[in-house]
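Chemist: This one is protein32.cif, mmCIF, C-alpha atoms.
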```
data_final
#
loop_
_atom_site.group_PDB
_atom_site.id
_atom_site.type_symbol
_atom_site.label_atom_id
_atom_site.label_comp_id
_atom_site.auth_asym_id
_atom_site.auth_seq_id
_atom_site.Cartn_x
_atom_site.Cartn_y
_atom_site.Cartn_z
ATOM 1 C CA MET A 1 38.732 -63.952 26.630
ATOM 2 C CA SER A 2 35.279 -65.445 27.303
ATOM 3 C CA GLU A 3 32.734 -66.125 24.575
ATOM 4 C CA ARG A 4 30.494 -63.439 26.100
ATOM 5 C CA THR A 5 33.306 -60.865 25.945
ATOM 6 C CA THR A 6 34.155 -61.872 22.366
ATOM 7 C CA GLY A 7 30.502 -61.597 21.348
ATOM 8 C CA THR A 8 30.208 -58.161 22.927
ATOM 9 C CA ALA A 9 33.330 -56.951 21.134
ATOM 10 C CA GLU A 10 31.990 -58.190 17.802
ATOM 11 C CA GLN A 11 28.665 -56.460 18.426
ATOM 12 C CA LEU A 12 30.423 -53.199 19.260
ATOM 13 C CA ALA A 13 32.587 -53.452 16.140
ATOM 14 C CA ARG A 14 29.537 -54.185 14.017
ATOM 15 C CA GLY A 15 27.772 -51.225 15.586
ATOM 16 C CA ASP A 16 30.733 -48.958 14.801
ATOM 17 C CA ARG A 17 30.708 -50.123 11.168
ATOM 18 C CA VAL A 18 26.981 -49.386 10.858
ATOM 19 C CA ASP A 19 27.498 -45.956 12.445
ATOM 20 C CA SER A 20 30.305 -45.176 9.980
ATOM 21 C CA ALA A 21 28.215 -46.397 7.049
ATOM 22 C CA THR A 22 25.235 -44.333 8.220
ATOM 23 C CA GLU A 23 27.346 -41.196 8.596
ATOM 24 C CA ALA A 24 28.719 -41.530 5.069
ATOM 25 C CA PHE A 25 25.290 -42.285 3.584
ATOM 26 C CA VAL A 26 23.652 -39.307 5.299
ATOM 27 C CA ALA A 27 26.489 -37.013 4.188
ATOM 28 C CA HIS A 28 25.879 -37.905 0.537
ATOM 29 C CA ARG A 29 22.133 -38.563 0.640
ATOM 30 C CA ASN A 30 21.025 -35.402 -1.203
ATOM 31 C CA LEU A 31 23.540 -36.097 -3.968
ATOM 32 C CA LEU A 32 22.406 -39.714 -4.288
ATOM 33 C CA PHE A 33 18.749 -38.692 -4.390
ATOM 34 C CA THR A 34 19.513 -36.160 -7.134
ATOM 35 C CA VAL A 35 21.364 -38.778 -9.202
ATOM 36 C CA ALA A 36 18.474 -41.224 -8.884
ATOM 37 C CA TYR A 37 15.826 -38.583 -9.562
ATOM 38 C CA GLU A 38 17.567 -37.286 -12.685
ATOM 39 C CA MET A 39 17.774 -40.828 -14.000
ATOM 40 C CA LEU A 40 14.172 -41.736 -13.162
ATOM 41 C CA GLY A 41 12.117 -38.536 -13.134
ATOM 42 C CA SER A 42 10.249 -39.925 -10.135
ATOM 43 C CA ALA A 43 10.879 -38.981 -6.512
ATOM 44 C CA ALA A 44 9.042 -42.059 -5.258
ATOM 45 C CA ASP A 45 11.237 -44.357 -7.328
ATOM 46 C CA ALA A 46 14.347 -42.382 -6.358
ATOM 47 C CA GLU A 47 13.517 -42.964 -2.691
ATOM 48 C CA ASP A 48 13.154 -46.688 -3.364
ATOM 49 C CA VAL A 49 16.557 -46.658 -5.058
ATOM 50 C CA LEU A 50 18.096 -44.962 -2.028
ATOM 51 C CA GLN A 51 16.629 -47.645 0.232
ATOM 52 C CA GLU A 52 18.161 -50.355 -1.962
ATOM 53 C CA THR A 53 21.449 -48.448 -2.014
ATOM 54 C CA TRP A 54 21.495 -48.299 1.784
ATOM 55 C CA LEU A 55 20.831 -52.027 2.143
ATOM 56 C CA ARG A 56 23.813 -52.786 -0.082
ATOM 57 C CA TRP A 57 26.038 -50.087 1.394
ATOM 58 C CA VAL A 58 25.598 -51.247 4.995
ATOM 59 C CA GLY A 59 26.977 -54.656 4.011
ATOM 60 C CA VAL A 60 30.151 -53.247 2.424
ATOM 61 C CA ASP A 61 33.505 -53.524 4.192
ATOM 62 C CA LEU A 62 34.366 -49.831 4.409
ATOM 63 C CA ASP A 63 38.069 -50.624 4.808
ATOM 64 C CA THR A 64 38.054 -51.702 1.147
ATOM 65 C CA VAL A 65 36.405 -48.488 -0.095
ATOM 66 C CA ARG A 66 38.853 -45.884 -1.383
ATOM 67 C CA GLU A 67 36.322 -43.142 -2.210
ATOM 68 C CA GLN A 68 32.976 -43.397 -0.436
ATOM 69 C CA ARG A 69 31.173 -40.821 -2.585
ATOM 70 C CA ALA A 70 32.103 -42.591 -5.825
ATOM 71 C CA TYR A 71 31.214 -45.984 -4.373
ATOM 72 C CA LEU A 72 27.787 -44.785 -3.234
ATOM 73 C CA VAL A 73 27.117 -43.148 -6.597
ATOM 74 C CA ARG A 74 28.047 -46.417 -8.291
ATOM 75 C CA ILE A 75 25.572 -48.414 -6.188
ATOM 76 C CA THR A 76 22.854 -45.808 -6.731
ATOM 77 C CA THR A 77 23.433 -45.730 -10.491
ATOM 78 C CA ARG A 78 23.220 -49.500 -10.808
ATOM 79 C CA GLN A 79 19.999 -49.631 -8.805
ATOM 80 C CA ALA A 80 18.544 -46.734 -10.790
ATOM 81 C CA LEU A 81 19.435 -48.397 -14.096
ATOM 82 C CA SER A 82 17.629 -51.545 -13.035
ATOM 83 C CA ARG A 83 14.566 -49.558 -12.001
ATOM 84 C CA LEU A 84 14.713 -47.394 -15.142
ATOM 85 C CA ARG A 85 14.270 -50.467 -17.312
ATOM 86 C CA THR A 86 11.271 -51.508 -15.219
ATOM 87 C CA LEU A 87 9.831 -47.982 -15.442
ATOM 88 C CA GLY A 88 10.083 -48.110 -19.215
ATOM 89 C CA ARG A 89 7.703 -51.054 -19.274
ATOM 90 C CA ARG A 90 5.378 -49.337 -16.776
ATOM 91 C CA LYS A 91 5.209 -46.129 -18.843
ATOM 92 C CA GLU A 92 4.065 -48.089 -21.883
ATOM 93 C CA SER A 93 0.724 -48.658 -20.128
ATOM 94 C CA TYR A 94 0.508 -45.173 -18.573
ATOM 95 C CA VAL A 95 -2.773 -43.366 -19.270
ATOM 96 C CA GLY A 96 -2.128 -40.185 -21.271
ATOM 97 C CA PRO A 97 1.131 -38.197 -21.486
ATOM 98 C CA TRP A 98 3.733 -38.939 -18.803
ATOM 99 C CA LEU A 99 5.478 -36.031 -17.050
ATOM 100 C CA PRO A 100 8.193 -36.134 -14.368
ATOM 101 C CA GLU A 101 7.168 -35.890 -10.718
ATOM 102 C CA PRO A 102 7.527 -32.209 -9.720
ATOM 103 C CA LEU A 103 9.602 -31.207 -6.696
ATOM 104 C CA LEU A 104 9.255 -28.090 -4.570
ATOM 105 C CA THR A 105 12.859 -26.878 -4.362
ATOM 106 C CA ALA A 106 14.740 -24.361 -2.230
ATOM 107 C CA PRO A 107 16.183 -21.095 -3.643
ATOM 108 C CA ASP A 108 19.728 -22.541 -3.548
ATOM 109 C CA VAL A 109 18.813 -24.967 -6.337
ATOM 110 C CA ALA A 110 17.841 -22.083 -8.624
ATOM 111 C CA GLU A 111 21.129 -20.338 -7.768
ATOM 112 C CA ASP A 112 23.061 -23.309 -9.188
ATOM 113 C CA VAL A 113 22.142 -22.667 -12.824
ATOM 114 C CA GLU A 114 23.504 -25.968 -14.127
ATOM 115 C CA LEU A 115 21.723 -28.013 -11.453
ATOM 116 C CA ALA A 116 18.451 -26.158 -12.009
ATOM 117 C CA ASP A 117 18.702 -26.740 -15.761
ATOM 118 C CA SER A 118 19.446 -30.430 -15.284
ATOM 119 C CA VAL A 119 16.366 -31.045 -13.094
ATOM 120 C CA SER A 120 13.967 -28.790 -15.024
ATOM 121 C CA MET A 121 10.865 -30.437 -16.432
ATOM 122 C CA ALA A 122 12.028 -29.616 -19.954
ATOM 123 C CA MET A 123 15.416 -31.307 -19.469
ATOM 124 C CA LEU A 124 13.964 -34.348 -17.725
ATOM 125 C CA LEU A 125 11.678 -34.857 -20.711
ATOM 126 C CA VAL A 126 14.694 -34.666 -23.015
ATOM 127 C CA LEU A 127 16.479 -37.251 -20.852
ATOM 128 C CA GLU A 128 13.444 -39.504 -21.270
ATOM 129 C CA THR A 129 14.375 -39.870 -24.945
ATOM 130 C CA LEU A 130 17.743 -41.444 -24.094
ATOM 131 C CA ALA A 131 18.362 -45.161 -23.656
ATOM 132 C CA PRO A 132 18.931 -46.116 -19.977
ATOM 133 C CA THR A 133 22.725 -46.393 -20.171
ATOM 134 C CA GLU A 134 22.969 -43.206 -22.235
ATOM 135 C CA ARG A 135 20.908 -41.383 -19.631
ATOM 136 C CA ALA A 136 23.111 -42.642 -16.786
ATOM 137 C CA VAL A 137 26.322 -41.673 -18.582
ATOM 138 C CA PHE A 138 24.997 -38.231 -19.527
ATOM 139 C CA VAL A 139 23.806 -37.462 -15.993
ATOM 140 C CA LEU A 140 27.002 -38.653 -14.304
ATOM 141 C CA ARG A 141 29.306 -36.879 -16.759
ATOM 142 C CA GLU A 142 27.497 -33.654 -17.646
ATOM 143 C CA VAL A 143 25.741 -32.928 -14.366
ATOM 144 C CA PHE A 144 27.957 -34.484 -11.709
ATOM 145 C CA ASP A 145 31.280 -34.263 -13.575
ATOM 146 C CA LEU A 146 32.418 -37.816 -12.798
ATOM 147 C CA ASP A 147 35.436 -39.003 -14.732
ATOM 148 C CA TYR A 148 35.111 -41.747 -17.311
ATOM 149 C CA ASP A 149 36.715 -44.389 -15.094
ATOM 150 C CA GLU A 150 34.166 -43.758 -12.312
ATOM 151 C CA ILE A 151 31.294 -43.898 -14.792
ATOM 152 C CA SER A 152 32.766 -47.049 -16.287
ATOM 153 C CA ASP A 153 32.508 -48.785 -12.908
ATOM 154 C CA ALA A 154 28.931 -47.576 -12.441
ATOM 155 C CA VAL A 155 27.555 -48.757 -15.796
ATOM 156 C CA ASP A 156 29.791 -51.793 -16.357
ATOM 157 C CA LYS A 157 31.265 -50.469 -19.595
ATOM 158 C CA SER A 158 34.878 -49.817 -20.590
ATOM 159 C CA PRO A 159 36.118 -46.196 -20.339
ATOM 160 C CA GLY A 160 36.380 -46.116 -24.135
ATOM 161 C CA ALA A 161 32.781 -47.256 -24.529
ATOM 162 C CA VAL A 162 31.664 -44.682 -21.952
ATOM 163 C CA ARG A 163 33.354 -41.911 -23.951
ATOM 164 C CA GLN A 164 31.457 -42.957 -27.075
ATOM 165 C CA ILE A 165 28.164 -43.181 -25.201
ATOM 166 C CA ALA A 166 28.768 -39.758 -23.641
ATOM 167 C CA HIS A 167 29.487 -38.224 -27.053
ATOM 168 C CA ARG A 168 26.329 -39.756 -28.530
ATOM 169 C CA ALA A 169 24.184 -38.691 -25.562
ATOM 170 C CA ARG A 170 25.515 -35.105 -25.660
ATOM 171 C CA ALA A 171 24.654 -34.800 -29.343
ATOM 172 C CA HIS A 172 21.188 -36.255 -28.747
ATOM 173 C CA VAL A 173 20.448 -33.868 -25.877
ATOM 174 C CA ALA A 174 21.915 -30.832 -27.664
ATOM 175 C CA ALA A 175 19.533 -31.375 -30.584
ATOM 176 C CA ARG A 176 16.495 -31.407 -28.292
ATOM 177 C CA ARG A 177 17.214 -29.128 -25.326
ATOM 178 C CA PRO A 178 16.468 -25.376 -25.220
ATOM 179 C CA ARG A 179 19.062 -23.400 -27.146
ATOM 180 C CA ASP A 180 20.179 -21.343 -24.143
ATOM 181 C CA VAL A 181 19.927 -21.623 -20.394
ATOM 182 C CA VAL A 182 17.207 -19.120 -19.462
ATOM 183 C CA SER A 183 17.717 -16.947 -16.394
ATOM 184 C CA PRO A 184 15.255 -17.347 -13.500
ATOM 185 C CA ALA A 185 14.386 -13.654 -13.905
ATOM 186 C CA GLU A 186 13.306 -14.201 -17.518
ATOM 187 C CA THR A 187 11.171 -17.186 -16.541
ATOM 188 C CA ARG A 188 9.637 -15.264 -13.630
ATOM 189 C CA ALA A 189 8.715 -12.388 -15.948
ATOM 190 C CA ALA A 190 6.962 -14.759 -18.358
ATOM 191 C CA LEU A 191 5.275 -16.508 -15.440
ATOM 192 C CA LYS A 192 3.970 -13.227 -14.000
ATOM 193 C CA ALA A 193 2.668 -12.153 -17.392
ATOM 194 C CA PHE A 194 0.936 -15.515 -17.783
ATOM 195 C CA GLN A 195 -0.553 -15.361 -14.276
ATOM 196 C CA ARG A 196 -1.767 -11.795 -14.818
ATOM 197 C CA ALA A 197 -3.361 -12.692 -18.142
ATOM 198 C CA ILE A 198 -5.088 -15.715 -16.651
ATOM 199 C CA GLU A 199 -6.357 -13.860 -13.583
ATOM 200 C CA THR A 200 -7.715 -10.915 -15.601
ATOM 201 C CA GLY A 201 -9.028 -12.947 -18.530
ATOM 202 C CA ASP A 202 -6.841 -10.931 -20.902
ATOM 203 C CA MET A 203 -6.795 -13.177 -23.982
ATOM 204 C CA GLN A 204 -4.569 -10.842 -25.973
ATOM 205 C CA GLY A 205 -2.103 -10.580 -23.090
ATOM 206 C CA LEU A 206 -2.062 -14.373 -22.858
ATOM 207 C CA PHE A 207 -1.560 -14.767 -26.590
ATOM 208 C CA ASP A 208 1.299 -12.230 -26.565
ATOM 209 C CA ILE A 209 3.498 -14.317 -24.231
ATOM 210 C CA LEU A 210 3.014 -17.609 -26.085
ATOM 211 C CA ALA A 211 5.467 -18.736 -28.740
ATOM 212 C CA PRO A 212 3.710 -19.575 -32.029
ATOM 213 C CA ASP A 213 4.661 -23.241 -31.669
ATOM 214 C CA VAL A 214 3.973 -23.529 -27.918
ATOM 215 C CA VAL A 215 3.086 -27.051 -26.734
ATOM 216 C CA LEU A 216 0.973 -27.940 -23.695
ATOM 217 C CA LEU A 217 1.306 -31.331 -22.004
ATOM 218 C CA SER A 218 -0.860 -32.480 -19.100
ATOM 219 C CA ASP A 219 -0.464 -35.536 -16.878
ATOM 220 C CA GLY A 220 -3.370 -36.952 -14.904
ATOM 221 C CA GLY A 221 -2.316 -40.599 -14.947
ATOM 222 C CA GLY A 222 -5.916 -41.637 -15.516
ATOM 223 C CA LEU A 223 -6.824 -40.261 -12.069
ATOM 224 C CA LYS A 224 -7.627 -36.676 -13.087
ATOM 225 C CA GLN A 225 -9.127 -35.297 -16.288
ATOM 226 C CA THR A 226 -6.391 -34.144 -18.658
ATOM 227 C CA LEU A 227 -5.656 -33.949 -22.362
ATOM 228 C CA ALA A 228 -5.068 -37.298 -24.014
ATOM 229 C CA GLN A 229 -2.615 -35.727 -26.452
ATOM 230 C CA PRO A 230 -0.329 -32.658 -26.476
ATOM 231 C CA ILE A 231 -1.896 -29.416 -27.717
ATOM 232 C CA ALA A 232 0.275 -27.301 -30.031
ATOM 233 C CA GLY A 233 -0.021 -23.746 -31.342
ATOM 234 C CA ALA A 234 -0.554 -20.421 -29.576
ATOM 235 C CA GLY A 235 -4.200 -20.082 -30.653
ATOM 236 C CA LYS A 236 -5.252 -23.542 -29.457
ATOM 237 C CA VAL A 237 -3.318 -23.285 -26.193
ATOM 238 C CA ALA A 238 -4.641 -19.798 -25.399
ATOM 239 C CA ARG A 239 -8.255 -20.857 -26.024
ATOM 240 C CA LEU A 240 -7.811 -23.966 -23.904
ATOM 241 C CA LEU A 241 -6.308 -22.027 -21.002
ATOM 242 C CA ALA A 242 -8.935 -19.306 -21.184
ATOM 243 C CA ALA A 243 -11.753 -21.882 -21.221
ATOM 244 C CA GLY A 244 -10.295 -23.633 -18.181
ATOM 245 C CA VAL A 245 -10.002 -20.421 -16.182
ATOM 246 C CA ASN A 246 -13.346 -18.903 -17.150
ATOM 247 C CA GLY A 247 -15.373 -22.090 -16.819
ATOM 248 C CA PRO A 248 -17.431 -23.036 -13.738
ATOM 249 C CA GLY A 249 -15.639 -24.710 -10.859
ATOM 250 C CA ALA A 250 -14.383 -24.524 -7.313
ATOM 251 C CA GLU A 251 -12.658 -21.581 -5.680
ATOM 252 C CA ARG A 252 -9.227 -21.266 -7.287
ATOM 253 C CA SER A 253 -5.962 -19.847 -5.915
ATOM 254 C CA VAL A 254 -2.587 -19.609 -7.629
ATOM 255 C CA GLU A 255 0.753 -19.560 -5.783
ATOM 256 C CA PRO A 256 4.157 -18.797 -7.377
ATOM 257 C CA VAL A 257 6.758 -21.354 -6.253
ATOM 258 C CA GLN A 258 10.081 -22.914 -7.255
ATOM 259 C CA ILE A 259 9.512 -26.273 -8.948
ATOM 260 C CA ASN A 260 12.564 -28.265 -10.008
ATOM 261 C CA GLY A 261 14.719 -25.182 -9.605
ATOM 262 C CA CYS A 262 12.535 -23.013 -11.846
ATOM 263 C CA PRO A 263 9.677 -20.554 -11.282
ATOM 264 C CA ALA A 264 6.293 -22.295 -11.505
ATOM 265 C CA LEU A 265 2.749 -22.187 -10.132
ATOM 266 C CA ILE A 266 0.724 -24.324 -7.769
ATOM 267 C CA VAL A 267 -3.012 -24.172 -8.426
ATOM 268 C CA ARG A 268 -5.325 -24.999 -5.527
ATOM 269 C CA LEU A 269 -9.039 -25.734 -5.753
ATOM 270 C CA ASP A 270 -10.940 -25.226 -2.510
ATOM 271 C CA GLY A 271 -7.585 -25.104 -0.737
ATOM 272 C CA GLU A 272 -6.342 -28.471 -2.080
ATOM 273 C CA ILE A 273 -3.433 -28.786 -4.501
ATOM 274 C CA ASP A 274 -4.889 -29.581 -7.900
ATOM 275 C CA THR A 275 -2.204 -28.780 -10.478
ATOM 276 C CA VAL A 276 1.459 -27.894 -10.748
ATOM 277 C CA VAL A 277 2.142 -25.659 -13.753
ATOM 278 C CA ALA A 278 5.738 -25.614 -14.955
ATOM 279 C CA MET A 279 6.901 -24.024 -18.178
ATOM 280 C CA ARG A 280 9.705 -23.726 -20.663
ATOM 281 C CA VAL A 281 10.710 -20.218 -21.739
ATOM 282 C CA GLU A 282 12.859 -19.166 -24.690
ATOM 283 C CA ASP A 283 13.492 -15.601 -25.879
ATOM 284 C CA GLY A 284 10.950 -14.276 -23.397
ATOM 285 C CA LEU A 285 8.107 -16.436 -24.747
ATOM 286 C CA ILE A 286 6.558 -19.586 -23.286
ATOM 287 C CA THR A 287 7.362 -22.525 -25.558
ATOM 288 C CA GLY A 288 6.123 -25.329 -23.314
ATOM 289 C CA PHE A 289 3.565 -25.880 -20.546
ATOM 290 C CA TYR A 290 3.691 -28.882 -18.225
ATOM 291 C CA PHE A 291 0.513 -29.412 -16.185
ATOM 292 C CA VAL A 292 0.876 -32.169 -13.583
ATOM 293 C CA ARG A 293 -2.472 -33.204 -12.066
ATOM 294 C CA ASN A 294 -1.848 -36.844 -11.154
ATOM 295 C CA PRO A 295 -2.419 -36.832 -7.354
ATOM 296 C CA GLU A 296 0.218 -39.544 -6.928
ATOM 297 C CA LYS A 297 2.828 -37.096 -8.230
ATOM 298 C CA LEU A 298 1.937 -34.089 -6.070
ATOM 299 C CA SER A 299 3.152 -35.141 -2.620
ATOM 300 C CA ARG A 300 6.585 -33.568 -3.146
ATOM 301 C CA VAL A 301 5.204 -30.060 -3.584
ATOM 302 C CA GLU A 302 4.010 -29.810 0.022
ATOM 303 C CA GLN A 303 7.543 -29.360 1.382
ATOM 304 C CA GLU A 304 10.962 -28.636 -0.099
ATOM 305 C CA THR A 305 13.163 -31.421 -1.437
ATOM 306 C CA ALA A 306 16.917 -30.959 -1.037
ATOM 307 C CA LEU A 307 18.964 -31.483 -4.201
ATOM 308 C CA SER A 308 22.735 -31.196 -4.615
ATOM 309 C CA ARG A 309 25.641 -31.975 -6.929
#
```
Using the file provided, produce a representation of the structure as structure tokens.

Modeler:
Amino acid sequence: MSERTTGTAEQLARGDRVDSATEAFVAHRNLLFTVAYEMLGSAADAEDVLQETWLRWVGVDLDTVREQRAYLVRITTRQALSRLRTLGRRKESYVGPWLPEPLLTAPDVAEDVELADSVSMAMLLVLETLAPTERAVFVLREVFDLDYDEISDAVDKSPGAVRQIAHRARAHVAARRPRDVVSPAETRAALKAFQRAIETGDMQGLFDILAPDVVLLSDGGGLKQTLAQPIAGAGKVARLLAAGVNGPGAERSVEPVQINGCPALIVRLDGEIDTVVAMRVEDGLITGFYFVRNPEKLSRVEQETALSR
């Protein structure tokens, strides 16, 4: 066989390997993005993690890979862990409260109650209170149902250590998450009541749907005017919301949407997206508002992002 023939054969074989790697990566891409996003709370950083995952995956000898899904999740988790530690340092200098990057999601995400709960703004903020390895273990075990051996490979810990970390993370999350998973219908009802109260200027109607200890967080990242600190208490939150709606400003429109698998609102000023309003609902009352105004975090609400488990 000539050198030219040998070279052509090698090129074809290499091309076949890349095609096989691409097919596997594309098949699991939505899952990998969801893993990275749940660990990072940032779609932009999750996309960077997927790029790094692909660069490593394309160099793997697929003949040595027993389970492609698990292998890809392992690469993604390791890259996300590395980035999560970097993000922690970045958030220390963030201007004002930090909120996760909101995603416009399809109805099928809301239909998967566990997935919707795991990517909700409220849950992502709870996950922020975990150490990086705890967060990875919790996400892989509780959301994606990986076994302890698979998680062990992903986080470079023994299965026994992973079990202990998982137990500790579950207890930590259970103490901070909403008591019950709220149905989309219950959240929609609270959202409609809130929207109606805001649009009509009905202060009493607004006050009636707020929990006494409601907390409002807003994220502008130093690029948009927001509150420097959380606001707590139904009276303070109601007055703040009423002042914002009734004050002078541009033409405002409000659109109900699905954000992170939950009912939410997009507020536009003069036709441009200004704010994403997500909320946490318990027992029919709004217990938390999440106002995202940072323009760098609003690109993912223009079109739907596919998530999967």

Chemist: Applied to the shown file, which residues does the PyMOL selection byres ((chain A and resi 144) around 12) return, written as a list in words?

Modeler: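 Answer for the PyMOL selection byres ((chain A and resi 144) around 12): Leu31, Leu32, Thr34, Val35, Ala36, Glu38, Arg69, Ala70, Val73, Glu114, Leu115, Ser118, Ala136, Val137, Phe138, Val139, Leu140, Arg141, Glu142, Val143, Asp145, Leu146, Asp147, Tyr148, Glu150, Ile151, Ser308 and Arg309 of chain A.
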
Chemist: List the neighbours of A:Ala24 out to 10 Å using all atoms listed in the file; skip same-chain residues closer than 6 positions along the sequence, and give me the result as an MDAnalysis selection string.

Modeler: chainID A and resid 18 57 68:69 72

Chemist: Could you jot down the atom CA of A:Arg29 to atom CA of A:Ala278 separation for me, Å, one decimal place?

Modeler: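 That distance, rounded to one decimal, is 26.1 Å.
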
Chemist: Given the PyMOL selection byres ((chain A and resi 98) around 6) and the file above, list the residues it selects as an MDAnalysis selection string.

Modeler: chainID A and resid 97 99 219

Chemist: Emit the selected residues as a PDB file, in the coordinates of the input, including C-alpha atoms.

Modeler:
```pdb
ATOM      1  CA  PRO A  97       1.131 -38.197 -21.486  1.00  0.00           C
ATOM      2  CA  LEU A  99       5.478 -36.031 -17.050  1.00  0.00           C
ATOM      3  CA  ASP A 219      -0.464 -35.536 -16.878  1.00  0.00           C
TER       4      ASP A 219
END
```

Chemist: Identify, on the basis of all atoms listed in the file, every residue whose closest approach to A:Leu40 does not exceed 9 Å; exclude the query and any residue fewer than 4 positions from it along the same chain; express the result as a VMD selection string.

Modeler: chain A and resid 35 to 36 45 to 46 80 to 81 83 to 84 87 100 124 128

Chemist: In Å, how far is it from atom CA of A:Ser120 to atom CA of A:Pro263?

Modeler: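 A separation of 10.0 Å between them.
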
Chemist: What lies within 8 Å of A:Val281 using only C-alpha atoms, ignoring chain neighbours under 6 positions off, as a VMD selection string?

Modeler: chain A and resid 182 186 to 187 190 287 to 288

Chemist: Selection in question (the file shown): the PyMOL selection byres ((chain A and resi 211) around 10). Which residues does it include, as a list of chain:residue names?

Modeler: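 Going through the file, the PyMOL selection byres ((chain A and resi 211) around 10) ends up selecting A:Phe207, A:Asp208, A:Ile209, A:Leu210, A:Pro212, A:Asp213, A:Val214, A:Val215, A:Gly233, A:Ala234, A:Gly235, A:Val281, A:Glu282, A:Asp283, A:Gly284, A:Leu285, A:Ile286, A:Thr287, A:Gly288.
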
Chemist: With C-alpha atoms retained, write the just-selected residues as a short mmCIF file (atom, residue, chain, number, x, y, z; two decimals), in the coordinates of the input.

Modeler:
```cif
data_model
loop_
_atom_site.label_atom_id
_atom_site.label_comp_id
_atom_site.auth_asym_id
_atom_site.auth_seq_id
_atom_site.Cartn_x
_atom_site.Cartn_y
_atom_site.Cartn_z
CA PHE A 207 -1.56 -14.77 -26.59
CA ASP A 208 1.30 -12.23 -26.56
CA ILE A 209 3.50 -14.32 -24.23
CA LEU A 210 3.01 -17.61 -26.08
CA PRO A 212 3.71 -19.58 -32.03
CA ASP A 213 4.66 -23.24 -31.67
CA VAL A 214 3.97 -23.53 -27.92
CA VAL A 215 3.09 -27.05 -26.73
CA GLY A 233 -0.02 -23.75 -31.34
CA ALA A 234 -0.55 -20.42 -29.58
CA GLY A 235 -4.20 -20.08 -30.65
CA VAL A 281 10.71 -20.22 -21.74
CA GLU A 282 12.86 -19.17 -24.69
CA ASP A 283 13.49 -15.60 -25.88
CA GLY A 284 10.95 -14.28 -23.40
CA LEU A 285 8.11 -16.44 -24.75
CA ILE A 286 6.56 -19.59 -23.29
CA THR A 287 7.36 -22.52 -25.56
CA GLY A 288 6.12 -25.33 -23.31
#
```

Chemist: With distances taken over all atoms listed in the file, which residue among A:Tyr37, A:Ala21, A:Gly261, A:Pro102 lies nearest A:Asp63?

Modeler: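 Checking each of A:Tyr37, A:Ala21, A:Gly261, A:Pro102 against A:Asp63, counting all atoms listed in the file, the winner is A:Ala21.
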
Chemist: Write out as JSON, numbers by chain which residues come within 12 Å of A:Thr53 when counting only C-alpha atoms, dropping same-chain ones fewer than 2 positions away.

Modeler: {"A": [21, 22, 25, 26, 28, 29, 32, 33, 36, 46, 47, 48, 49, 50, 51, 55, 56, 57, 58, 59, 60, 71, 72, 73, 74, 75, 76, 77, 78, 79, 80]}

Chemist: Can those selected residues be exported to a file as a short mmCIF file (atom, residue, chain, number, x, y, z; two decimals), in the coordinates of the input so that it contains C-alpha atoms?

Modeler:
```cif
data_model
loop_
_atom_site.label_atom_id
_atom_site.label_comp_id
_atom_site.auth_asym_id
_atom_site.auth_seq_id
_atom_site.Cartn_x
_atom_site.Cartn_y
_atom_site.Cartn_z
CA ALA A 21 28.22 -46.40 7.05
CA THR A 22 25.24 -44.33 8.22
CA PHE A 25 25.29 -42.28 3.58
CA VAL A 26 23.65 -39.31 5.30
CA HIS A 28 25.88 -37.90 0.54
CA ARG A 29 22.13 -38.56 0.64
CA LEU A 32 22.41 -39.71 -4.29
CA PHE A 33 18.75 -38.69 -4.39
CA ALA A 36 18.47 -41.22 -8.88
CA ALA A 46 14.35 -42.38 -6.36
CA GLU A 47 13.52 -42.96 -2.69
CA ASP A 48 13.15 -46.69 -3.36
CA VAL A 49 16.56 -46.66 -5.06
CA LEU A 50 18.10 -44.96 -2.03
CA GLN A 51 16.63 -47.64 0.23
CA LEU A 55 20.83 -52.03 2.14
CA ARG A 56 23.81 -52.79 -0.08
CA TRP A 57 26.04 -50.09 1.39
CA VAL A 58 25.60 -51.25 5.00
CA GLY A 59 26.98 -54.66 4.01
CA VAL A 60 30.15 -53.25 2.42
CA TYR A 71 31.21 -45.98 -4.37
CA LEU A 72 27.79 -44.78 -3.23
CA VAL A 73 27.12 -43.15 -6.60
CA ARG A 74 28.05 -46.42 -8.29
CA ILE A 75 25.57 -48.41 -6.19
CA THR A 76 22.85 -45.81 -6.73
CA THR A 77 23.43 -45.73 -10.49
CA ARG A 78 23.22 -49.50 -10.81
CA GLN A 79 20.00 -49.63 -8.80
CA ALA A 80 18.54 -46.73 -10.79
#
```

Chemist: Just checking: using all atoms listed in the file, which residue out of A:Ser93, A:Asn30, A:Thr133, A:Thr86 ends up closest to A:Ala154?

Modeler: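 Looking only at the distances to A:Ala154, the closest residue turns out to be A:Thr133.
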
Chemist: Hey, which of A:Val254, A:Leu223, A:Val301, A:Leu130 ends up closest to A:Ala166? Count all atoms listed in the file.

Modeler: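 So, comparing all the options, the nearest one is A:Leu130.
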
Chemist: Could you check which of A:Asp117, A:Glu199, A:Glu67, A:Glu92 is closest to A:Cys262, using all atoms listed in the file?

Modeler: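 Among the listed residues, the smallest separation from A:Cys262 belongs to A:Asp117.
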